[in-house]
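The structure file data-v1.txt is reproduced below (compact mmCIF, C-alpha atoms).
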```
# COMPACT_ATOMS: atom_id res chain seq x y z
CA MET Y 331 121.66 261.63 165.08
CA LYS Y 332 119.50 258.62 165.89
CA ALA Y 333 117.46 258.67 169.09
CA TYR Y 334 114.23 257.23 170.47
CA LYS Y 335 110.85 258.65 171.29
CA PHE Y 336 107.95 257.22 173.25
CA LEU Y 337 104.46 258.31 172.20
CA ARG Y 338 100.93 257.56 173.28
CA ALA Y 339 98.71 255.50 170.98
CA GLY Y 340 98.21 257.00 167.53
CA ARG Y 341 101.59 258.82 167.56
CA HIS Y 342 100.30 261.37 170.08
CA GLY Y 343 102.93 263.39 171.89
CA PRO Y 344 102.39 262.57 175.57
CA PHE Y 345 102.50 266.16 176.82
CA SER Y 346 101.92 268.29 173.73
CA ASP Y 347 99.19 266.06 172.24
CA PHE Y 348 100.85 266.76 168.89
CA VAL Y 349 100.14 263.98 166.41
CA TRP Y 350 103.43 263.04 164.81
CA PRO Y 351 103.57 262.33 161.09
CA GLU Y 352 105.59 259.37 159.90
CA ASN Y 353 108.73 260.04 157.91
CA SER Y 354 108.23 263.81 157.71
CA TRP Y 355 110.45 266.38 159.31
CA VAL Y 356 108.92 268.36 162.16
CA VAL Y 357 110.67 271.64 162.90
CA ALA Y 358 110.44 273.36 166.28
CA ASP Y 359 109.74 277.08 166.40
CA GLY Y 360 112.09 279.35 168.27
CA ALA Y 361 115.02 278.64 170.52
CA LEU Y 362 115.41 275.20 172.06
CA ASP Y 363 114.22 274.93 175.63
CA ALA Y 364 114.03 271.57 177.36
CA CYS Y 365 110.41 270.56 178.15
CA ARG Y 366 109.03 273.63 176.35
CA SER Y 367 110.30 274.13 172.85
CA GLY Y 368 112.01 271.63 170.62
CA ILE Y 369 111.77 268.07 169.42
CA HIS Y 370 112.14 265.84 172.48
CA ALA Y 371 113.69 262.40 172.33
CA CYS Y 372 115.98 260.24 174.38
CA ARG Y 373 118.97 257.97 174.39
CA PRO Y 374 118.62 254.29 175.35
CA GLU Y 375 119.73 254.99 178.93
CA HIS Y 376 116.84 257.47 179.32
CA LEU Y 377 114.15 255.05 178.15
CA GLY Y 378 113.16 253.91 181.63
CA TYR Y 379 111.69 257.32 182.43
CA TRP Y 380 109.38 257.51 179.45
CA LEU Y 381 107.71 254.10 179.04
CA LEU Y 382 104.62 254.70 176.90
CA PRO Y 383 102.65 252.56 174.44
CA GLU Y 384 104.55 253.38 171.22
CA LEU Y 385 108.31 253.47 170.77
CA TRP Y 386 109.77 255.08 167.68
CA GLU Y 387 113.20 255.60 166.28
CA ILE Y 388 113.67 259.27 165.47
CA GLU Y 389 116.26 261.10 163.45
CA LEU Y 390 117.29 264.43 164.95
CA ASP Y 391 118.94 267.29 163.16
CA GLY Y 392 119.95 270.92 163.66
CA ASP Y 393 120.82 272.40 167.04
CA LEU Y 394 120.81 269.91 169.92
CA VAL Y 395 120.58 270.32 173.68
CA GLU Y 396 121.11 267.30 175.89
CA THR Y 397 119.91 267.17 179.49
CA GLU Y 398 120.07 264.46 182.15
CA HIS Y 399 116.92 262.75 180.89
CA LYS Y 400 116.36 263.81 177.31
CA ILE Y 401 117.67 265.28 174.08
CA VAL Y 402 116.05 268.34 172.53
CA ALA Y 403 116.60 269.13 168.86
CA GLN Y 404 115.52 271.69 166.31
CA ARG Y 405 114.21 269.10 163.85
CA GLY Y 406 113.05 265.53 164.10
CA ARG Y 407 111.62 262.81 161.88
CA LEU Y 408 110.05 259.54 163.01
CA THR Y 409 111.81 256.94 160.91
CA HIS Y 410 110.09 253.77 162.09
CA ARG Y 411 108.08 252.32 164.91
CA ILE Y 412 109.82 249.70 166.99
CA ASP Y 413 107.20 246.99 166.77
CA GLU Y 414 109.18 244.75 169.09
CA TRP Y 415 108.02 247.00 171.96
CA ASP Y 416 104.93 244.84 172.29
CA ASP Y 417 102.83 243.29 175.05
CA ALA Y 418 105.32 240.45 175.52
CA VAL Y 419 108.28 242.78 176.05
CA ARG Y 420 106.22 245.06 178.29
CA HIS Y 421 105.26 242.02 180.36
CA ASP Y 422 108.87 240.86 180.57
CA LEU Y 423 110.09 244.30 181.60
CA GLY Y 424 107.38 244.41 184.25
CA VAL Y 425 108.53 241.03 185.61
CA GLU Y 426 112.15 242.20 185.47
CA CYS Y 427 111.14 245.20 187.59
CA VAL Y 428 109.51 242.89 190.16
CA HIS Y 429 112.79 240.99 190.47
CA ARG Y 430 114.81 244.21 190.55
CA THR Y 431 112.60 245.51 193.37
CA ALA Y 432 113.08 242.22 195.21
CA ARG Y 433 116.87 242.59 194.92
CA TYR Y 434 116.72 245.90 196.82
CA ALA Y 435 114.49 244.26 199.42
CA VAL Y 436 116.97 241.40 199.80
CA LEU Y 437 119.89 243.81 200.25
CA GLU Y 438 117.96 245.74 202.88
CA LEU Y 439 116.93 242.57 204.72
CA ARG Y 440 120.53 241.34 204.82
CA GLU Y 441 121.77 244.71 206.09
CA LEU Y 442 119.25 244.55 208.91
CA GLY Y 443 120.12 240.95 209.82
CA PHE Y 444 117.05 239.25 208.38
CA ALA Y 445 119.05 236.56 206.60
CA ARG Y 446 116.28 233.95 206.58
CA GLU Y 447 113.76 236.37 205.08
CA ALA Y 448 116.32 237.46 202.49
CA GLU Y 449 116.86 233.82 201.50
CA LEU Y 450 113.14 233.28 201.11
CA LEU Y 451 113.01 236.08 198.57
CA GLU Y 452 116.14 234.92 196.79
CA ASP Y 453 114.80 231.39 196.46
CA ALA Y 454 111.49 232.42 194.90
CA PRO Y 455 111.74 231.27 191.29
CA THR Y 456 108.98 233.38 189.79
CA ALA Y 457 107.56 236.86 190.22
CA GLY Y 458 104.26 235.34 191.31
CA GLU Y 459 105.89 233.33 194.06
CA LEU Y 460 107.87 236.38 195.12
CA ALA Y 461 104.63 238.29 195.46
CA GLU Y 462 103.25 235.57 197.76
CA ILE Y 463 106.38 235.32 199.90
CA VAL Y 464 106.76 239.04 200.47
CA VAL Y 465 103.40 239.11 202.24
CA GLN Y 466 104.82 236.80 204.93
CA VAL Y 467 108.15 238.59 204.99
CA ALA Y 468 106.56 242.02 205.41
CA GLU Y 469 104.76 240.75 208.51
CA ARG Y 470 108.01 239.54 210.12
CA VAL Y 471 110.09 242.70 209.60
CA SER Y 472 109.56 246.41 210.04
CA GLY Y 473 110.56 249.84 208.75
CA ASP Y 474 112.16 250.19 205.32
CA ALA Y 475 112.56 246.41 205.01
CA ALA Y 476 108.80 245.93 205.38
CA ASP Y 477 108.13 248.76 202.92
CA LEU Y 478 110.53 247.26 200.39
CA ALA Y 479 108.90 243.84 200.75
CA GLY Y 480 105.55 245.54 200.16
CA TYR Y 481 106.90 247.24 197.05
CA VAL Y 482 107.69 243.86 195.54
CA GLY Y 483 104.01 243.00 195.81
CA ASP Y 484 103.04 246.39 194.38
CA ALA Y 485 105.40 245.98 191.43
CA TYR Y 486 103.92 242.55 190.78
CA GLU Y 487 100.38 243.96 190.76
CA TYR Y 488 101.39 246.61 188.23
CA ALA Y 489 103.23 244.07 186.08
CA GLN Y 490 100.19 241.77 186.14
CA ILE Y 491 97.89 244.44 184.73
CA GLY Y 492 100.41 245.48 182.08
CA HIS Y 493 101.23 248.79 183.76
CA VAL Y 494 104.94 248.55 183.07
CA SER Y 495 105.71 252.21 183.82
CA GLY Y 496 104.23 251.70 187.29
CA ALA Y 497 106.34 248.61 187.94
CA ALA Y 498 109.43 250.43 186.68
CA PHE Y 499 108.78 253.41 188.93
CA ILE Y 500 108.40 251.13 191.95
CA ALA Y 501 111.77 249.52 191.22
CA ALA Y 502 113.38 252.97 191.04
CA HIS Y 503 111.65 254.07 194.24
CA ALA Y 504 112.85 250.87 195.93
CA ALA Y 505 116.40 251.67 194.82
CA GLU Y 506 116.04 255.13 196.32
CA LEU Y 507 114.73 253.73 199.59
CA HIS Y 508 117.41 251.06 199.95
CA ALA Y 509 120.15 253.43 198.71
CA PRO Y 510 122.91 250.95 197.84
CA ALA Y 511 126.32 251.99 199.19
CA GLY Y 512 128.50 253.85 196.71
CA VAL Y 513 125.67 254.85 194.39
CA ASP Y 514 125.24 258.62 194.15
CA ASP Y 515 121.72 258.68 192.75
CA PRO Y 516 120.10 255.23 193.19
CA PHE Y 517 116.86 256.31 191.53
CA ALA Y 518 118.66 257.46 188.37
CA ALA Y 519 120.94 254.42 188.42
CA GLU Y 520 117.94 252.09 188.50
CA ARG Y 521 116.23 253.99 185.69
CA ALA Y 522 119.42 253.72 183.62
CA GLU Y 523 119.52 249.95 184.26
CA GLN Y 524 115.93 249.67 183.06
CA GLY Y 525 116.89 251.60 179.92
CA ARG Y 526 119.85 249.31 179.32
CA TRP Y 527 117.67 246.21 179.80
CA LEU Y 528 115.19 247.52 177.27
CA ALA Y 529 117.84 248.62 174.78
CA GLU Y 530 119.47 245.20 174.93
CA ARG Y 531 116.17 243.36 174.58
CA LEU Y 532 115.08 245.50 171.63
CA GLU Y 533 118.61 245.68 170.18
CA LEU Y 534 118.57 249.46 170.19
CA THR Y 535 121.74 251.39 169.55
CA GLY Y 536 122.75 255.00 169.77
CA MET P 1283 115.98 262.15 197.53
CA SER P 1284 115.78 262.24 193.75
CA HIS P 1285 113.67 265.07 192.37
CA LEU P 1286 112.07 262.46 190.11
CA ASP P 1287 110.81 260.35 193.01
CA VAL P 1288 107.79 262.47 193.85
CA ARG P 1289 104.38 261.90 195.38
CA CYS P 1290 101.03 262.75 193.81
CA SER P 1291 100.36 265.33 196.53
CA SER P 1292 103.44 267.33 195.46
CA ILE P 1293 102.58 266.99 191.80
CA ALA P 1294 98.99 268.13 192.32
CA LEU P 1295 100.19 271.41 193.82
CA LEU P 1296 102.11 272.16 190.63
CA ALA P 1297 99.28 271.49 188.16
CA THR P 1298 98.30 275.11 187.53
CA GLU P 1299 101.89 276.25 187.19
CA TYR P 1300 102.56 273.36 184.83
CA LEU P 1301 99.68 274.45 182.59
CA GLU P 1302 100.76 278.10 182.77
CA ASP P 1303 104.35 277.22 181.93
CA GLY P 1304 105.56 278.45 185.29
CA LEU P 1305 107.80 275.54 186.27
CA SER P 1306 111.55 275.27 185.97
CA GLU P 1307 112.99 272.65 183.62
CA ARG P 1308 113.79 270.45 186.61
CA GLN P 1309 110.24 270.73 188.03
CA ARG P 1310 108.75 270.15 184.61
CA THR P 1311 110.77 266.99 184.13
CA SER P 1312 109.63 265.76 187.55
CA TYR P 1313 106.06 266.51 186.59
CA GLU P 1314 106.21 264.82 183.20
CA THR P 1315 108.06 261.70 184.32
CA HIS P 1316 105.40 261.36 187.03
CA LEU P 1317 102.62 261.57 184.44
CA VAL P 1318 104.17 258.65 182.57
CA TYR P 1319 103.36 256.19 185.35
CA CYS P 1320 100.54 257.90 187.29
CA ASP P 1321 97.17 257.69 185.56
CA ALA P 1322 95.45 259.49 188.45
CA CYS P 1323 97.61 262.59 187.98
CA VAL P 1324 96.94 262.53 184.24
CA VAL P 1325 93.21 262.60 184.98
CA PHE P 1326 93.69 265.35 187.58
CA LEU P 1327 95.67 267.48 185.14
CA ASP P 1328 93.02 266.98 182.44
CA ASP P 1329 90.35 268.10 184.93
CA ILE P 1330 92.30 271.24 185.83
CA ARG P 1331 92.87 271.98 182.14
CA GLU P 1332 89.16 271.61 181.41
CA LEU P 1333 88.19 273.74 184.41
CA ALA P 1334 90.57 276.50 183.30
CA ALA P 1335 89.10 276.40 179.79
CA ARG P 1336 85.55 276.67 181.17
CA LEU P 1337 86.48 279.60 183.40
CA ARG P 1338 88.08 281.38 180.46
CA ALA P 1339 84.91 280.83 178.44
CA LEU P 1340 82.64 282.49 181.02
CA PRO P 1341 81.06 285.80 179.94
CA PRO P 1342 82.45 289.00 181.49
CA ASP P 1343 81.17 289.72 184.99
CA PRO P 1344 78.06 291.95 184.57
CA VAL P 1345 78.55 293.56 187.99
CA ASP P 1346 80.90 296.54 187.84
CA ALA P 1347 83.67 297.01 190.39
CA VAL P 1348 81.99 299.87 192.31
CA GLU P 1349 78.75 298.00 192.67
CA ARG P 1350 80.60 294.83 193.72
CA ARG P 1351 82.51 296.69 196.44
CA ALA P 1352 79.29 298.23 197.76
CA VAL P 1353 77.60 294.83 197.94
CA LEU P 1354 80.57 293.24 199.69
CA GLU P 1355 80.77 296.07 202.21
CA ALA P 1356 77.06 295.82 202.88
CA ALA P 1357 77.40 292.10 203.42
CA ARG P 1358 80.17 292.62 205.96
CA ARG P 1359 78.09 294.98 208.09
```
If you took the structure in this file and wrote it as C-alpha cells, what would it be?
Amino acid sequence: MKAYKFLRAGRHGPFSDFVWPENSWVVADGALDACRSGIHACRPEHLGYWLLPELWEIELDGDLVETEHKIVAQRGRLTHRIDEWDDAVRHDLGVECVHRTARYAVLELRELGFAREAELLEDAPTAGELAEIVVQVAERVSGDAADLAGYVGDAYEYAQIGHVSGAAFIAAHAAELHAPAGVDDPFAAERAEQGRWLAERLELTG
Amino acid sequence: MSHLDVRCSSIALLATEYLEDGLSERQRTSYETHLVYCDACVVFLDDIRELAARLRALPPDPVDAVERRAVLEAARR
C-alpha cells in the first residue's frame, strides 16, 4: 500500500536515526510492534502529528498494523520525496494554523459574551494583523479566552520562524482548550484537519 | 485531555524510560509526537542519552562492596 513518511534532513529516521535508502526495500526484524519494531508510516490524516523537514511517499508491504496515529509494516521502500513540501507550503500551513487557532479563540469569545472582541479577530485580514489584535483582546478578557488569544500570538511567532510543527501543535492545543461542542477528541480532530489541509495542498492520496 | 497534548515537564520525567524502552505504545506515541514540535525536549533527550552512554563507559568501581559499606558506616558515625 502507499503511505507517507516524514524524515529529518538527509533521510534520517526521526527517532531511530536510521538513514533511509532511496528505492530499496527495508525489512523490519521480528514481530511488528508500534513505536518499537517495524516500518513506520502514516496516512494523510495522520500527517499533522509528524511534521518534519522531509516528506516521502513510501510503499509498504507484508504484515501491517494500523494504530490511531500511524501504520506499521514489515517492509517499506521510499519511492519518492515530495518536493512540494517546501518552505512555501510550510509557511502557508503555519499561517493556516494561526487562523485555525484564531477560530477557536473566536468561538470561545462568543461563548463568553465577548462579541466585540470576537469580531475584531474575525475582521483581521492577515495573520500578522491577527497577532497584533490578540494582544489588545487578551488584555480585555480573562481565563481560557485570554489564553486562546495568547495562543494566536504564539502560533504566529512559530509560523514566522518557520517552525510549522510548533504552530500546528498550538492550533491543536487551542482546539483542546476550547473543546467545541459535539467533538469527542478536539485535539485529534484538529490534527486530522491539518492532515487533510496538507494532503489537499500537496495532492496526496491514499 | 488528549494524551498527545502534553507538557515538557511530563515528557522529561519519561526520558529514561523512553530510552530503556519502558513506555507503553500510548506513552511512546505521546513522547514522539511531542519531540516533533519541541526542540528543547529533543536536546534534553540527547543529553540524557549522552549521559547514559558516559556512565556506561566508566571503568568498574575499584572499591569492593565490603570496603564501601565500611566507609559508609564510618561516615555515618
Residues near Cys1290 in chain P, cut-off 7 Å, all atoms listed in the file, skip fewer than 3 positions along chain, as an mmCIF file with C-alpha atoms, in the frame of the given file:
```
data_model
loop_
_atom_site.group_PDB
_atom_site.id
_atom_site.type_symbol
_atom_site.label_atom_id
_atom_site.label_comp_id
_atom_site.auth_asym_id
_atom_site.auth_seq_id
_atom_site.Cartn_x
_atom_site.Cartn_y
_atom_site.Cartn_z
ATOM 1 C CA ILE P 1293 102.580 266.990 191.800
ATOM 2 C CA ALA P 1294 98.990 268.130 192.320
ATOM 3 C CA CYS P 1323 97.610 262.590 187.980
#
```
Write out as CSV a residue-level contact list of chain P versus chain Y with cut-off 7 Å: for each qualifying residue the closest pair of atoms and the distance in Å to one decimal, counting all atoms listed in the file, rows sorted by chain and residue number upward.
```
residue,atom,partner,partner_atom,distance
P:Ser1284,CA,Y:Phe517,CA,6.4
P:Asp1287,CA,Y:His503,CA,6.5
P:Glu1307,CA,Y:Cys365,CA,6.4
P:Arg1310,CA,Y:Cys365,CA,6.7
P:Thr1311,CA,Y:Cys365,CA,7.0
P:Thr1315,CA,Y:Tyr379,CA,6.0
P:Val1318,CA,Y:Trp380,CA,6.2
P:Tyr1319,CA,Y:Ser495,CA,4.9
```
#### Entry: Selection near Asp1328 in chain P, 12 Å with all atoms listed in the file, sequence-local residues under 6 positions removed, as a PyMOL selection string
(chain Y and resi 345+347) or (chain P and resi 1294+1297-1298+1300-1301+1317+1321-1322+1334-1335)
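Note that CA of His429 in chain Y and CA of Gly512 in chain Y are 21.2 Å apart.
For the point (110.5, 246.4, 195.2), the residues with an atom at a distance of at most 9 Å are Cys427, Val428, His429, Arg430, Thr431, Ala432, Arg433, Tyr434, Ala435, Asp477, Leu478, Ala479, Gly480, Tyr481, Val482, Gly483, Asp484, Ala485, Tyr486, Ala497, Ile500, Ala501, Ala502, His503, Ala504 and Ala505 of chain Y, counting only C-alpha atoms.
Rounded to one decimal, CA of Val1345 in chain P and CA of Ala1357 in chain P lie 15.5 Å from each other.
Coordinates place CA of Ile369 in chain Y at a distance of 10.0 Å from CA of Val395 in chain Y.
Of the listed residues Y:Ala519, Y:Ile491, Y:Ala461, Y:Ala468, the one whose atoms come nearest to Asp417 in chain Y is Y:Ile491, with distances taken using all atoms listed in the file.
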Can you tell me which residues surround Phe444 in chain Y at a distance of at most 12 Å, considering all atoms listed in the file, apart from same-chain residues fewer than 2 positions away, and format the answer as a PDB file with C-alpha atoms, keeping the file's coordinate frame?
```
ATOM      1  CA  ALA Y 435     114.490 244.260 199.420  1.00  0.00           C
ATOM      2  CA  VAL Y 436     116.970 241.400 199.800  1.00  0.00           C
ATOM      3  CA  LEU Y 437     119.890 243.810 200.250  1.00  0.00           C
ATOM      4  CA  GLU Y 438     117.960 245.740 202.880  1.00  0.00           C
ATOM      5  CA  LEU Y 439     116.930 242.570 204.720  1.00  0.00           C
ATOM      6  CA  ARG Y 440     120.530 241.340 204.820  1.00  0.00           C
ATOM      7  CA  GLU Y 441     121.770 244.710 206.090  1.00  0.00           C
ATOM      8  CA  LEU Y 442     119.250 244.550 208.910  1.00  0.00           C
ATOM      9  CA  ARG Y 446     116.280 233.950 206.580  1.00  0.00           C
ATOM     10  CA  GLU Y 447     113.760 236.370 205.080  1.00  0.00           C
ATOM     11  CA  ALA Y 448     116.320 237.460 202.490  1.00  0.00           C
ATOM     12  CA  GLU Y 449     116.860 233.820 201.500  1.00  0.00           C
ATOM     13  CA  LEU Y 450     113.140 233.280 201.110  1.00  0.00           C
ATOM     14  CA  LEU Y 451     113.010 236.080 198.570  1.00  0.00           C
ATOM     15  CA  VAL Y 467     108.150 238.590 204.990  1.00  0.00           C
ATOM     16  CA  ALA Y 468     106.560 242.020 205.410  1.00  0.00           C
ATOM     17  CA  ARG Y 470     108.010 239.540 210.120  1.00  0.00           C
ATOM     18  CA  VAL Y 471     110.090 242.700 209.600  1.00  0.00           C
ATOM     19  CA  SER Y 472     109.560 246.410 210.040  1.00  0.00           C
ATOM     20  CA  ALA Y 475     112.560 246.410 205.010  1.00  0.00           C
ATOM     21  CA  ALA Y 476     108.800 245.930 205.380  1.00  0.00           C
TER      22      ALA Y 476
END
```
Incomplete range 405-422 of chain Y brought to N, CA, C and O atoms, written out as a PDB file, keeping the file's coordinate frame:
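Output file selection04.pdb is given in full below:
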```
ATOM      1  N   ARG Y 405     115.031 269.818 164.829  1.00  0.00           N
ATOM      2  CA  ARG Y 405     114.210 269.100 163.850  1.00  0.00           C
ATOM      3  C   ARG Y 405     114.211 267.614 164.172  1.00  0.00           C
ATOM      4  O   ARG Y 405     115.209 267.100 164.671  1.00  0.00           O
ATOM      5  N   GLY Y 406     113.100 266.963 163.869  1.00  0.00           N
ATOM      6  CA  GLY Y 406     113.050 265.530 164.100  1.00  0.00           C
ATOM      7  C   GLY Y 406     112.123 264.847 163.112  1.00  0.00           C
ATOM      8  O   GLY Y 406     111.174 265.450 162.601  1.00  0.00           O
ATOM      9  N   ARG Y 407     112.426 263.580 162.843  1.00  0.00           N
ATOM     10  CA  ARG Y 407     111.620 262.810 161.880  1.00  0.00           C
ATOM     11  C   ARG Y 407     111.493 261.388 162.396  1.00  0.00           C
ATOM     12  O   ARG Y 407     112.510 260.715 162.648  1.00  0.00           O
ATOM     13  N   LEU Y 408     110.253 260.936 162.595  1.00  0.00           N
ATOM     14  CA  LEU Y 408     110.050 259.540 163.010  1.00  0.00           C
ATOM     15  C   LEU Y 408     110.423 258.653 161.844  1.00  0.00           C
ATOM     16  O   LEU Y 408     109.814 258.773 160.771  1.00  0.00           O
ATOM     17  N   THR Y 409     111.389 257.779 162.035  1.00  0.00           N
ATOM     18  CA  THR Y 409     111.810 256.940 160.910  1.00  0.00           C
ATOM     19  C   THR Y 409     111.072 255.599 160.899  1.00  0.00           C
ATOM     20  O   THR Y 409     110.633 255.158 159.844  1.00  0.00           O
ATOM     21  N   HIS Y 410     110.935 254.963 162.056  1.00  0.00           N
ATOM     22  CA  HIS Y 410     110.090 253.770 162.090  1.00  0.00           C
ATOM     23  C   HIS Y 410     109.699 253.416 163.515  1.00  0.00           C
ATOM     24  O   HIS Y 410     110.427 253.721 164.465  1.00  0.00           O
ATOM     25  N   ARG Y 411     108.559 252.782 163.596  1.00  0.00           N
ATOM     26  CA  ARG Y 411     108.080 252.320 164.910  1.00  0.00           C
ATOM     27  C   ARG Y 411     108.813 251.035 165.272  1.00  0.00           C
ATOM     28  O   ARG Y 411     109.028 250.168 164.405  1.00  0.00           O
ATOM     29  N   ILE Y 412     109.160 250.926 166.520  1.00  0.00           N
ATOM     30  CA  ILE Y 412     109.820 249.700 166.990  1.00  0.00           C
ATOM     31  C   ILE Y 412     108.728 248.743 167.453  1.00  0.00           C
ATOM     32  O   ILE Y 412     108.237 248.809 168.582  1.00  0.00           O
ATOM     33  N   ASP Y 413     108.331 247.889 166.512  1.00  0.00           N
ATOM     34  CA  ASP Y 413     107.200 246.990 166.770  1.00  0.00           C
ATOM     35  C   ASP Y 413     107.509 245.950 167.842  1.00  0.00           C
ATOM     36  O   ASP Y 413     106.590 245.351 168.413  1.00  0.00           O
ATOM     37  N   GLU Y 414     108.805 245.734 168.067  1.00  0.00           N
ATOM     38  CA  GLU Y 414     109.180 244.750 169.090  1.00  0.00           C
ATOM     39  C   GLU Y 414     108.787 245.200 170.491  1.00  0.00           C
ATOM     40  O   GLU Y 414     108.761 244.396 171.425  1.00  0.00           O
ATOM     41  N   TRP Y 415     108.545 246.496 170.676  1.00  0.00           N
ATOM     42  CA  TRP Y 415     108.020 247.000 171.960  1.00  0.00           C
ATOM     43  C   TRP Y 415     106.542 246.625 171.997  1.00  0.00           C
ATOM     44  O   TRP Y 415     105.650 247.406 171.668  1.00  0.00           O
ATOM     45  N   ASP Y 416     106.292 245.372 172.335  1.00  0.00           N
ATOM     46  CA  ASP Y 416     104.930 244.840 172.290  1.00  0.00           C
ATOM     47  C   ASP Y 416     104.506 244.343 173.680  1.00  0.00           C
ATOM     48  O   ASP Y 416     105.248 244.507 174.653  1.00  0.00           O
ATOM     49  N   ASP Y 417     103.345 243.736 173.744  1.00  0.00           N
ATOM     50  CA  ASP Y 417     102.830 243.290 175.050  1.00  0.00           C
ATOM     51  C   ASP Y 417     103.793 242.305 175.729  1.00  0.00           C
ATOM     52  O   ASP Y 417     103.943 242.333 176.952  1.00  0.00           O
ATOM     53  N   ALA Y 418     104.423 241.456 174.926  1.00  0.00           N
ATOM     54  CA  ALA Y 418     105.320 240.450 175.520  1.00  0.00           C
ATOM     55  C   ALA Y 418     106.534 241.125 176.164  1.00  0.00           C
ATOM     56  O   ALA Y 418     106.927 240.764 177.281  1.00  0.00           O
ATOM     57  N   VAL Y 419     107.102 242.096 175.486  1.00  0.00           N
ATOM     58  CA  VAL Y 419     108.280 242.780 176.050  1.00  0.00           C
ATOM     59  C   VAL Y 419     107.857 243.633 177.248  1.00  0.00           C
ATOM     60  O   VAL Y 419     108.569 243.690 178.265  1.00  0.00           O
ATOM     61  N   ARG Y 420     106.711 244.268 177.144  1.00  0.00           N
ATOM     62  CA  ARG Y 420     106.220 245.060 178.290  1.00  0.00           C
ATOM     63  C   ARG Y 420     106.016 244.150 179.507  1.00  0.00           C
ATOM     64  O   ARG Y 420     106.385 244.509 180.629  1.00  0.00           O
ATOM     65  N   HIS Y 421     105.450 242.984 179.261  1.00  0.00           N
ATOM     66  CA  HIS Y 421     105.260 242.020 180.360  1.00  0.00           C
ATOM     67  C   HIS Y 421     106.607 241.623 180.960  1.00  0.00           C
ATOM     68  O   HIS Y 421     106.787 241.618 182.179  1.00  0.00           O
ATOM     69  N   ASP Y 422     107.556 241.309 180.080  1.00  0.00           N
ATOM     70  CA  ASP Y 422     108.870 240.860 180.570  1.00  0.00           C
ATOM     71  C   ASP Y 422     109.592 241.966 181.332  1.00  0.00           C
ATOM     72  O   ASP Y 422     110.266 241.694 182.329  1.00  0.00           O
TER      73      ASP Y 422
END
```
